[in-house]
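*Asks:* Have a peek at my_file.txt (compact mmCIF, C-alpha atoms).
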```
# COMPACT_ATOMS: atom_id res chain seq x y z
CA VAL Y 7 3.01 20.86 52.45
CA PRO Y 8 3.43 21.34 48.69
CA GLY Y 9 5.86 24.24 49.18
CA GLU Y 10 7.02 25.50 45.81
CA ASN Y 11 5.66 22.42 44.02
CA ALA Y 12 2.42 22.19 42.14
CA ALA Y 13 -0.14 20.30 44.21
CA ASP Y 14 -0.41 17.45 41.69
CA LYS Y 15 3.39 16.98 41.57
CA PHE Y 16 3.59 16.99 45.37
CA GLU Y 17 0.80 14.42 45.69
CA HIS Y 18 2.30 12.22 42.96
CA SER Y 19 5.72 12.23 44.65
CA VAL Y 20 4.35 11.46 48.11
CA ARG Y 21 2.11 8.69 46.76
CA GLY Y 22 5.12 7.22 44.98
CA GLN Y 23 7.11 7.14 48.20
CA LEU Y 24 4.24 5.46 50.04
CA LYS Y 25 4.08 2.78 47.33
CA GLU Y 26 7.82 2.20 47.72
CA TYR Y 27 7.43 2.05 51.50
CA LEU Y 28 4.74 -0.61 51.28
CA GLY Y 29 6.60 -2.56 48.59
CA ILE Y 30 9.94 -2.63 50.44
CA LYS Y 31 8.19 -3.46 53.72
CA ARG Y 32 6.36 -6.38 52.09
CA PHE Y 33 9.63 -7.66 50.63
CA LEU Y 34 11.42 -7.41 54.00
CA ASP Y 35 8.62 -9.06 55.94
CA ARG Y 36 8.22 -11.92 53.47
CA GLY Y 37 11.93 -12.69 53.71
CA GLY Y 38 12.15 -12.22 57.47
CA TYR Y 39 14.61 -9.35 56.98
CA THR Y 40 14.92 -6.61 59.60
CA ALA Y 41 17.50 -4.36 57.92
CA PHE Y 42 18.10 -3.19 54.38
CA SER Y 43 20.26 -1.03 52.17
CA THR Y 44 19.71 0.93 48.97
CA ASN Y 45 22.05 2.18 46.28
CA PHE Y 46 21.22 5.19 44.12
CA GLU Y 47 22.93 3.56 41.12
CA ASP Y 48 20.92 0.33 41.08
CA LEU Y 49 17.22 0.97 41.65
CA ASN Y 50 15.78 -0.31 38.38
CA GLY Y 51 12.07 0.34 38.04
CA LEU Y 52 11.70 2.78 40.94
CA PRO Y 53 10.67 6.28 39.82
CA GLN Y 54 12.22 7.92 42.91
CA LEU Y 55 15.03 7.08 45.28
CA PRO Y 56 13.46 5.88 48.55
CA GLY Y 57 13.45 8.98 50.74
CA LEU Y 58 10.26 9.19 52.77
CA ALA Y 59 9.91 5.43 52.19
CA ALA Y 60 13.24 4.68 53.88
CA GLN Y 61 12.50 7.15 56.69
CA LEU Y 62 9.16 5.50 57.45
CA LEU Y 63 10.76 2.07 57.49
CA MET Y 64 13.41 3.27 59.94
CA ARG Y 65 10.65 4.82 62.04
CA ASP Y 66 9.09 1.35 62.12
CA GLY Y 67 12.35 -0.08 63.50
CA TYR Y 68 14.06 -1.52 60.43
CA GLY Y 69 17.81 -1.03 60.22
CA PHE Y 70 19.23 0.92 57.29
CA GLY Y 71 22.57 1.53 55.64
CA ALA Y 72 23.06 3.65 52.54
CA GLU Y 73 25.05 2.80 49.39
CA GLY Y 74 25.11 -0.92 50.11
CA ASP Y 75 26.49 -0.48 53.64
CA GLY Y 76 25.37 -3.73 55.21
CA LYS Y 77 27.38 -3.24 58.42
CA SER Y 78 25.64 0.07 59.18
CA ALA Y 79 22.27 -1.48 58.34
CA GLY Y 80 22.88 -4.32 60.79
CA LEU Y 81 24.30 -2.04 63.46
CA SER Y 82 21.41 0.41 63.22
CA ARG Y 83 18.96 -2.46 63.62
CA LEU Y 84 20.77 -3.78 66.69
CA LEU Y 85 21.05 -0.35 68.31
CA LYS Y 86 17.39 0.36 67.58
CA ILE Y 87 16.52 -2.84 69.44
CA MET Y 88 18.70 -1.77 72.37
CA ALA Y 89 17.11 1.70 72.39
CA HIS Y 90 13.54 0.36 71.94
CA ASN Y 91 13.58 2.24 68.62
CA LYS Y 92 13.86 5.58 70.40
CA ARG Y 93 16.06 8.45 69.12
CA THR Y 94 18.45 6.26 67.11
CA ALA Y 95 19.22 6.68 63.41
CA PHE Y 96 21.52 5.93 60.52
CA MET Y 97 23.78 8.95 60.00
CA GLU Y 98 26.68 10.24 57.94
CA ASP Y 99 29.43 12.76 58.69
CA TYR Y 100 28.13 15.15 56.06
CA THR Y 101 30.38 18.19 56.40
CA LEU Y 102 32.55 20.02 58.94
CA ASP Y 103 32.53 23.48 60.49
CA LEU Y 104 36.23 24.27 60.83
CA ARG Y 105 35.93 27.84 62.12
CA LYS Y 106 38.12 28.27 65.18
CA GLY Y 107 36.01 28.11 68.30
CA HIS Y 108 33.01 26.76 66.37
CA GLU Y 109 34.32 23.34 65.32
CA ALA Y 110 31.45 20.93 64.73
CA ILE Y 111 30.22 18.09 62.54
CA LEU Y 112 27.02 18.37 60.54
CA GLY Y 113 25.49 14.94 60.25
CA SER Y 114 22.95 14.25 57.52
CA HIS Y 115 22.33 12.17 54.41
CA MET Y 116 20.91 12.83 51.00
CA LEU Y 117 17.44 11.57 52.08
CA GLU Y 118 17.47 8.84 54.69
CA VAL Y 119 17.58 10.02 58.31
CA CYS Y 120 15.22 8.39 60.80
CA PRO Y 121 12.53 10.72 62.23
CA THR Y 122 12.87 9.20 65.72
CA ILE Y 123 15.64 11.75 66.36
CA ALA Y 124 13.55 14.76 65.28
CA THR Y 125 12.77 17.63 67.63
CA ALA Y 126 9.32 18.04 69.07
CA ASP Y 127 8.49 20.29 66.09
CA LYS Y 128 6.59 18.53 63.34
CA PRO Y 129 8.92 17.53 60.47
CA ILE Y 130 8.34 19.15 57.10
CA LEU Y 131 7.29 16.89 54.24
CA ASP Y 132 8.70 18.32 51.04
CA VAL Y 133 9.63 17.42 47.47
CA GLN Y 134 13.02 18.65 46.28
CA PRO Y 135 15.34 17.83 43.37
CA LEU Y 136 18.21 15.40 43.93
CA GLY Y 137 21.32 15.80 41.81
CA ILE Y 138 22.30 12.11 41.77
CA GLY Y 139 20.54 8.90 40.83
CA GLY Y 140 18.80 10.18 37.71
CA LYS Y 141 15.35 9.75 39.24
CA ALA Y 142 12.30 11.96 39.80
CA ASP Y 143 12.33 14.54 42.59
CA PRO Y 144 11.86 12.56 45.82
CA ALA Y 145 9.68 13.39 48.80
CA ARG Y 146 11.41 13.42 52.18
CA LEU Y 147 10.94 14.52 55.79
CA ILE Y 148 13.07 17.52 56.78
CA PHE Y 149 13.87 18.23 60.44
CA ASN Y 150 16.54 19.18 62.94
CA THR Y 151 17.47 16.71 65.64
CA GLN Y 152 17.14 17.00 69.39
CA THR Y 153 20.02 18.53 71.34
CA GLY Y 154 22.05 17.13 74.23
CA PRO Y 155 24.43 14.21 74.83
CA ALA Y 156 24.58 11.57 72.12
CA LEU Y 157 26.97 9.10 70.52
CA VAL Y 158 27.96 7.98 67.05
CA ALA Y 159 29.13 4.45 66.37
CA SER Y 160 30.84 2.69 63.48
CA LEU Y 161 31.28 -1.07 63.04
CA ILE Y 162 34.57 -2.00 61.38
CA ASP Y 163 35.44 -5.37 59.83
CA LEU Y 164 39.14 -6.01 60.53
CA GLY Y 165 39.14 -9.41 58.87
CA ASP Y 166 39.76 -11.45 62.01
CA ARG Y 167 37.35 -9.52 64.23
CA PHE Y 168 34.94 -6.61 64.44
CA ARG Y 169 35.78 -3.31 66.11
CA LEU Y 170 33.00 -1.13 67.48
CA LEU Y 171 34.17 2.48 67.43
CA VAL Y 172 32.19 4.97 69.51
CA ASN Y 173 32.53 8.74 69.85
CA THR Y 174 30.56 10.56 72.52
CA VAL Y 175 29.26 13.91 71.27
CA GLU Y 176 27.18 16.89 72.31
CA THR Y 177 24.39 17.77 69.89
CA VAL Y 178 23.83 21.52 69.57
CA PRO Y 179 21.24 23.70 67.81
CA THR Y 180 21.97 24.73 64.24
CA PRO Y 181 22.90 28.44 64.39
CA HIS Y 182 20.62 29.35 61.47
CA ASP Y 183 18.30 27.86 58.88
CA LEU Y 184 19.85 25.67 56.17
CA PRO Y 185 17.69 26.33 53.10
CA LYS Y 186 20.24 24.73 50.75
CA LEU Y 187 20.26 21.51 52.80
CA PRO Y 188 16.66 20.28 52.36
CA VAL Y 189 17.19 17.09 54.35
CA ALA Y 190 17.16 16.06 57.99
CA ASN Y 191 20.32 16.96 59.90
CA ALA Y 192 22.08 16.96 63.27
CA LEU Y 193 24.89 19.27 64.40
CA TRP Y 194 27.26 18.02 67.07
CA LYS Y 195 30.54 18.77 68.79
CA ALA Y 196 32.79 15.74 68.99
CA GLN Y 197 34.51 14.93 72.28
CA PRO Y 198 37.13 15.71 73.40
CA ASP Y 199 37.48 18.10 70.43
CA LEU Y 200 37.13 17.85 66.68
CA CYS Y 201 40.86 17.60 65.94
CA THR Y 202 41.55 14.81 68.44
CA ALA Y 203 38.34 12.94 67.68
CA SER Y 204 38.93 13.07 63.92
CA GLU Y 205 42.48 11.78 64.17
CA ALA Y 206 41.48 9.00 66.56
CA TRP Y 207 38.53 8.07 64.33
CA ILE Y 208 40.78 7.76 61.28
CA ILE Y 209 43.47 5.81 63.18
CA ALA Y 210 40.85 3.33 64.38
CA GLY Y 211 39.43 2.87 60.87
CA GLY Y 212 36.08 4.58 61.41
CA ALA Y 213 33.76 5.13 58.46
CA HIS Y 214 31.79 8.22 57.44
CA HIS Y 215 28.58 6.22 57.87
CA THR Y 216 27.57 5.86 61.52
CA VAL Y 217 24.66 5.11 63.78
CA PHE Y 218 23.67 8.13 65.88
CA SER Y 219 21.79 7.80 69.17
CA HIS Y 220 20.45 10.11 71.84
CA ALA Y 221 18.96 7.15 73.69
CA LEU Y 222 22.02 4.96 74.24
CA THR Y 223 24.97 5.61 76.54
CA LEU Y 224 28.59 4.56 76.53
CA ASP Y 225 27.77 1.98 79.22
CA ASP Y 226 25.20 0.46 76.84
CA MET Y 227 27.85 0.18 74.14
CA ARG Y 228 30.35 -1.39 76.53
CA GLN Y 229 27.83 -4.01 77.58
CA PHE Y 230 26.90 -4.71 73.96
CA ALA Y 231 30.57 -5.18 72.99
CA GLU Y 232 31.17 -7.51 75.93
CA LEU Y 233 28.10 -9.63 75.15
CA GLN Y 234 29.16 -9.93 71.50
CA ASP Y 235 32.85 -10.40 72.38
CA ILE Y 236 33.95 -7.70 69.97
CA GLU Y 237 36.57 -5.01 70.37
CA LEU Y 238 35.42 -1.61 71.63
CA ALA Y 239 37.35 1.60 70.94
CA VAL Y 240 36.06 4.73 72.68
CA ILE Y 241 36.66 8.40 71.88
CA ASP Y 242 35.34 10.65 74.65
CA ASN Y 243 36.39 13.55 76.87
CA GLU Y 244 39.09 11.39 78.45
CA THR Y 245 40.73 10.46 75.14
CA ARG Y 246 44.35 11.41 74.52
CA LEU Y 247 45.93 10.27 71.28
CA PRO Y 248 49.05 8.53 72.73
CA SER Y 249 46.96 6.40 75.11
CA PHE Y 250 44.34 5.78 72.41
CA LYS Y 251 47.02 4.42 70.08
CA ASP Y 252 48.38 2.25 72.90
CA ALA Y 253 44.90 0.84 73.55
CA LEU Y 254 44.56 -0.18 69.90
CA ARG Y 255 47.96 -1.92 70.07
CA TRP Y 256 46.98 -3.77 73.25
CA ASN Y 257 43.69 -4.81 71.65
CA GLU Y 258 45.61 -6.24 68.70
CA VAL Y 259 47.65 -8.41 71.04
CA TYR Y 260 44.65 -9.44 73.13
CA TYR Y 261 42.41 -10.41 70.24
CA GLY Y 262 45.33 -11.94 68.35
CA SER Y 263 45.89 -14.32 71.24
CA LYS Y 264 42.27 -15.51 70.92
CA ARG Y 265 42.51 -16.51 67.26
```
Go through the file and emit its structure as structure tokens.
*Replies:*
Amino acid sequence: VPGENAADKFEHSVRGQLKEYLGIKRFLDRGGYTAFSTNFEDLNGLPQLPGLAAQLLMRDGYGFGAEGDGKSAGLSRLLKIMAHNKRTAFMEDYTLDLRKGHEAILGSHMLEVCPTIATADKPILDVQPLGIGGKADPARLIFNTQTGPALVASLIDLGDRFRLLVNTVETVPTPHDLPKLPVANALWKAQPDLCTASEAWIIAGGAHHTVFSHALTLDDMRQFAELQDIELAVIDNETRLPSFKDALRWNEVYYGSKR
């Protein structure tokens, strides 16, 4: 829908995104690449930052990581394969609700959230200004995500090994419309609680970029880590900080002995 935009501006923006979608897809397919990253500082020649273009590519099953984040791009591709490309998306811890009794994390990104996690409602296609990148106003799909159990995962390079950090979460409805956040978003409550989960996440070296999935379970992530022989650190309803710290220390000894 054109929304507040003139019809010709709306059409021009959407057509531009479709050109970028087809161009990036052709580049990926020619090179045999299944994941990609963009950077809003280095997109010479593109009139818009890839918004709708990146979302359509993720819908097709390509992995994505923003701002040159190759690890998130690779992880999102792998988890999309595991989930048969269902309800799995690149995500970012966008902002926090710190009100007592309402603690939650709002996940989003400036443009690129995969529509496989959208609710049954049809996403809105809109053109809105973007305050970074110095490009034309980009078209993007806007939607809320489905609710219910989910997980967020971060892949961490420790130099001598990879650590897969997973937090189980409960996705909840947004309490009201977010007119000043014209991008796709998900609102979730971290387990066991925001304070414990945040401290454990930081201690374990988790990033603000994650892969979010409604389709995968903690058992899936355990099996994946075992098959890849990589460390797994879990934050869930059973997590207590003293034992979590002990587990990281034990992992250091275990994986150190395998070097």
*Asks:* How many Å separate CA of Thr44 in chain Y from CA of Val133 in chain Y?
*Replies:*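 For CA of Thr44 in chain Y relative to CA of Val133 in chain Y, the distance reads 19.4 Å.
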*Asks:* Extract, using only C-alpha atoms, all DNA, RNA and protein residues at most 6 Å from range 128-131 of chain Y, discarding same-chain residues fewer than 3 positions from it, and format them as a list of chain:residue names.
*Replies:*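 Near neighbours after the sequence-gap exclusion: Y:Arg146, Y:Leu147, Y:Ile148, Y:Phe149.
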*Asks:* With a distance cut-off of 10 Å and all atoms listed in the file, select the neighbouring residues of Ala196 in chain Y, excluding the residue or stretch itself and same-chain residues fewer than 6 positions from it, and output the selection as a PyMOL selection string.
*Replies:* chain Y and resi 109-111+156-158+173-177+202-204+241-243
*Asks:* Output C-alpha atoms for every residue in that selection, as a PDB file, in the coordinates of the input.
*Replies:*
```pdb
ATOM      1  CA  GLU Y 109      34.320  23.340  65.320  1.00  0.00           C
ATOM      2  CA  ALA Y 110      31.450  20.930  64.730  1.00  0.00           C
ATOM      3  CA  ILE Y 111      30.220  18.090  62.540  1.00  0.00           C
ATOM      4  CA  ALA Y 156      24.580  11.570  72.120  1.00  0.00           C
ATOM      5  CA  LEU Y 157      26.970   9.100  70.520  1.00  0.00           C
ATOM      6  CA  VAL Y 158      27.960   7.980  67.050  1.00  0.00           C
ATOM      7  CA  ASN Y 173      32.530   8.740  69.850  1.00  0.00           C
ATOM      8  CA  THR Y 174      30.560  10.560  72.520  1.00  0.00           C
ATOM      9  CA  VAL Y 175      29.260  13.910  71.270  1.00  0.00           C
ATOM     10  CA  GLU Y 176      27.180  16.890  72.310  1.00  0.00           C
ATOM     11  CA  THR Y 177      24.390  17.770  69.890  1.00  0.00           C
ATOM     12  CA  THR Y 202      41.550  14.810  68.440  1.00  0.00           C
ATOM     13  CA  ALA Y 203      38.340  12.940  67.680  1.00  0.00           C
ATOM     14  CA  SER Y 204      38.930  13.070  63.920  1.00  0.00           C
ATOM     15  CA  ILE Y 241      36.660   8.400  71.880  1.00  0.00           C
ATOM     16  CA  ASP Y 242      35.340  10.650  74.650  1.00  0.00           C
ATOM     17  CA  ASN Y 243      36.390  13.550  76.870  1.00  0.00           C
TER      18      ASN Y 243
END
```
*Asks:* Kindly provide the residues of range 137-168 of chain Y that approach range 45-66 of chain Y to within 10 Å, each paired with its closest atom pair and their distance in Å to one decimal, based on all atoms listed in the file, listed by chain and increasing number, as CSV.
*Replies:*
```
residue,atom,partner,partner_atom,distance
Y:Ile138,CA,Y:Phe46,CA,7.4
Y:Gly139,CA,Y:Phe46,CA,5.0
Y:Gly140,CA,Y:Phe46,CA,8.5
Y:Lys141,CA,Y:Gln54,CA,5.2
Y:Ala142,CA,Y:Gln54,CA,5.1
Y:Asp143,CA,Y:Gln54,CA,6.6
Y:Pro144,CA,Y:Gln54,CA,5.5
Y:Ala145,CA,Y:Leu58,CA,5.8
Y:Arg146,CA,Y:Leu58,CA,4.4
Y:Leu147,CA,Y:Leu58,CA,6.2
Y:Ile148,CA,Y:Leu58,CA,9.7
```
*Asks:* Limited to C-alpha atoms, could you put the picked residues into a file as a PDB file, in the coordinates of the input?
*Replies:*
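Writing the result to again39.pdb gives the following:
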```pdb
ATOM      1  CA  ILE Y 138      22.300  12.110  41.770  1.00  0.00           C
ATOM      2  CA  GLY Y 139      20.540   8.900  40.830  1.00  0.00           C
ATOM      3  CA  GLY Y 140      18.800  10.180  37.710  1.00  0.00           C
ATOM      4  CA  LYS Y 141      15.350   9.750  39.240  1.00  0.00           C
ATOM      5  CA  ALA Y 142      12.300  11.960  39.800  1.00  0.00           C
ATOM      6  CA  ASP Y 143      12.330  14.540  42.590  1.00  0.00           C
ATOM      7  CA  PRO Y 144      11.860  12.560  45.820  1.00  0.00           C
ATOM      8  CA  ALA Y 145       9.680  13.390  48.800  1.00  0.00           C
ATOM      9  CA  ARG Y 146      11.410  13.420  52.180  1.00  0.00           C
ATOM     10  CA  LEU Y 147      10.940  14.520  55.790  1.00  0.00           C
ATOM     11  CA  ILE Y 148      13.070  17.520  56.780  1.00  0.00           C
TER      12      ILE Y 148
END
```
*Asks:* Residues within 12 Å of (19.6, 0.5, 75.0), file coordinates, counting only C-alpha atoms: what are they? Give the list as a list in words.
*Replies:*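 Residues with an atom at most 12 Å from (19.6, 0.5, 75.0): Ser82, Arg83, Leu84, Leu85, Lys86, Ile87, Met88, Ala89, His90, Asn91, Lys92, Arg93, Thr94, Ser219, His220, Ala221, Leu222, Thr223, Leu224, Asp225, Asp226, Met227, Arg228, Gln229 and Phe230 of chain Y.
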*Asks:* Which residue, Y:Arg169, Y:Arg21, Y:Lys264, Y:Arg255, has the smallest gap to Gly211 in chain Y when you use all atoms listed in the file?
*Replies:*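 Of Y:Arg169, Y:Arg21, Y:Lys264, Y:Arg255, the one nearest Gly211 in chain Y is Y:Arg169, counting all atoms listed in the file.
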*Asks:* So that I can see what lies close to Ser249 in chain Y, please list as a CSV table (one decimal) with C-alpha atoms, keeping the file's coordinate frame the residues with an atom at most 12 Å from it, counting all atoms listed in the file and leaving out residues fewer than 5 positions away in the same chain.
*Replies:*
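What landed in part23.csv:
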```
chain,number,residue,atom,x,y,z
Y,206,ALA,CA,41.5,9.0,66.6
Y,239,ALA,CA,37.4,1.6,70.9
Y,240,VAL,CA,36.1,4.7,72.7
Y,241,ILE,CA,36.7,8.4,71.9
Y,244,GLU,CA,39.1,11.4,78.4
Y,254,LEU,CA,44.6,-0.2,69.9
Y,255,ARG,CA,48.0,-1.9,70.1
Y,256,TRP,CA,47.0,-3.8,73.2
```
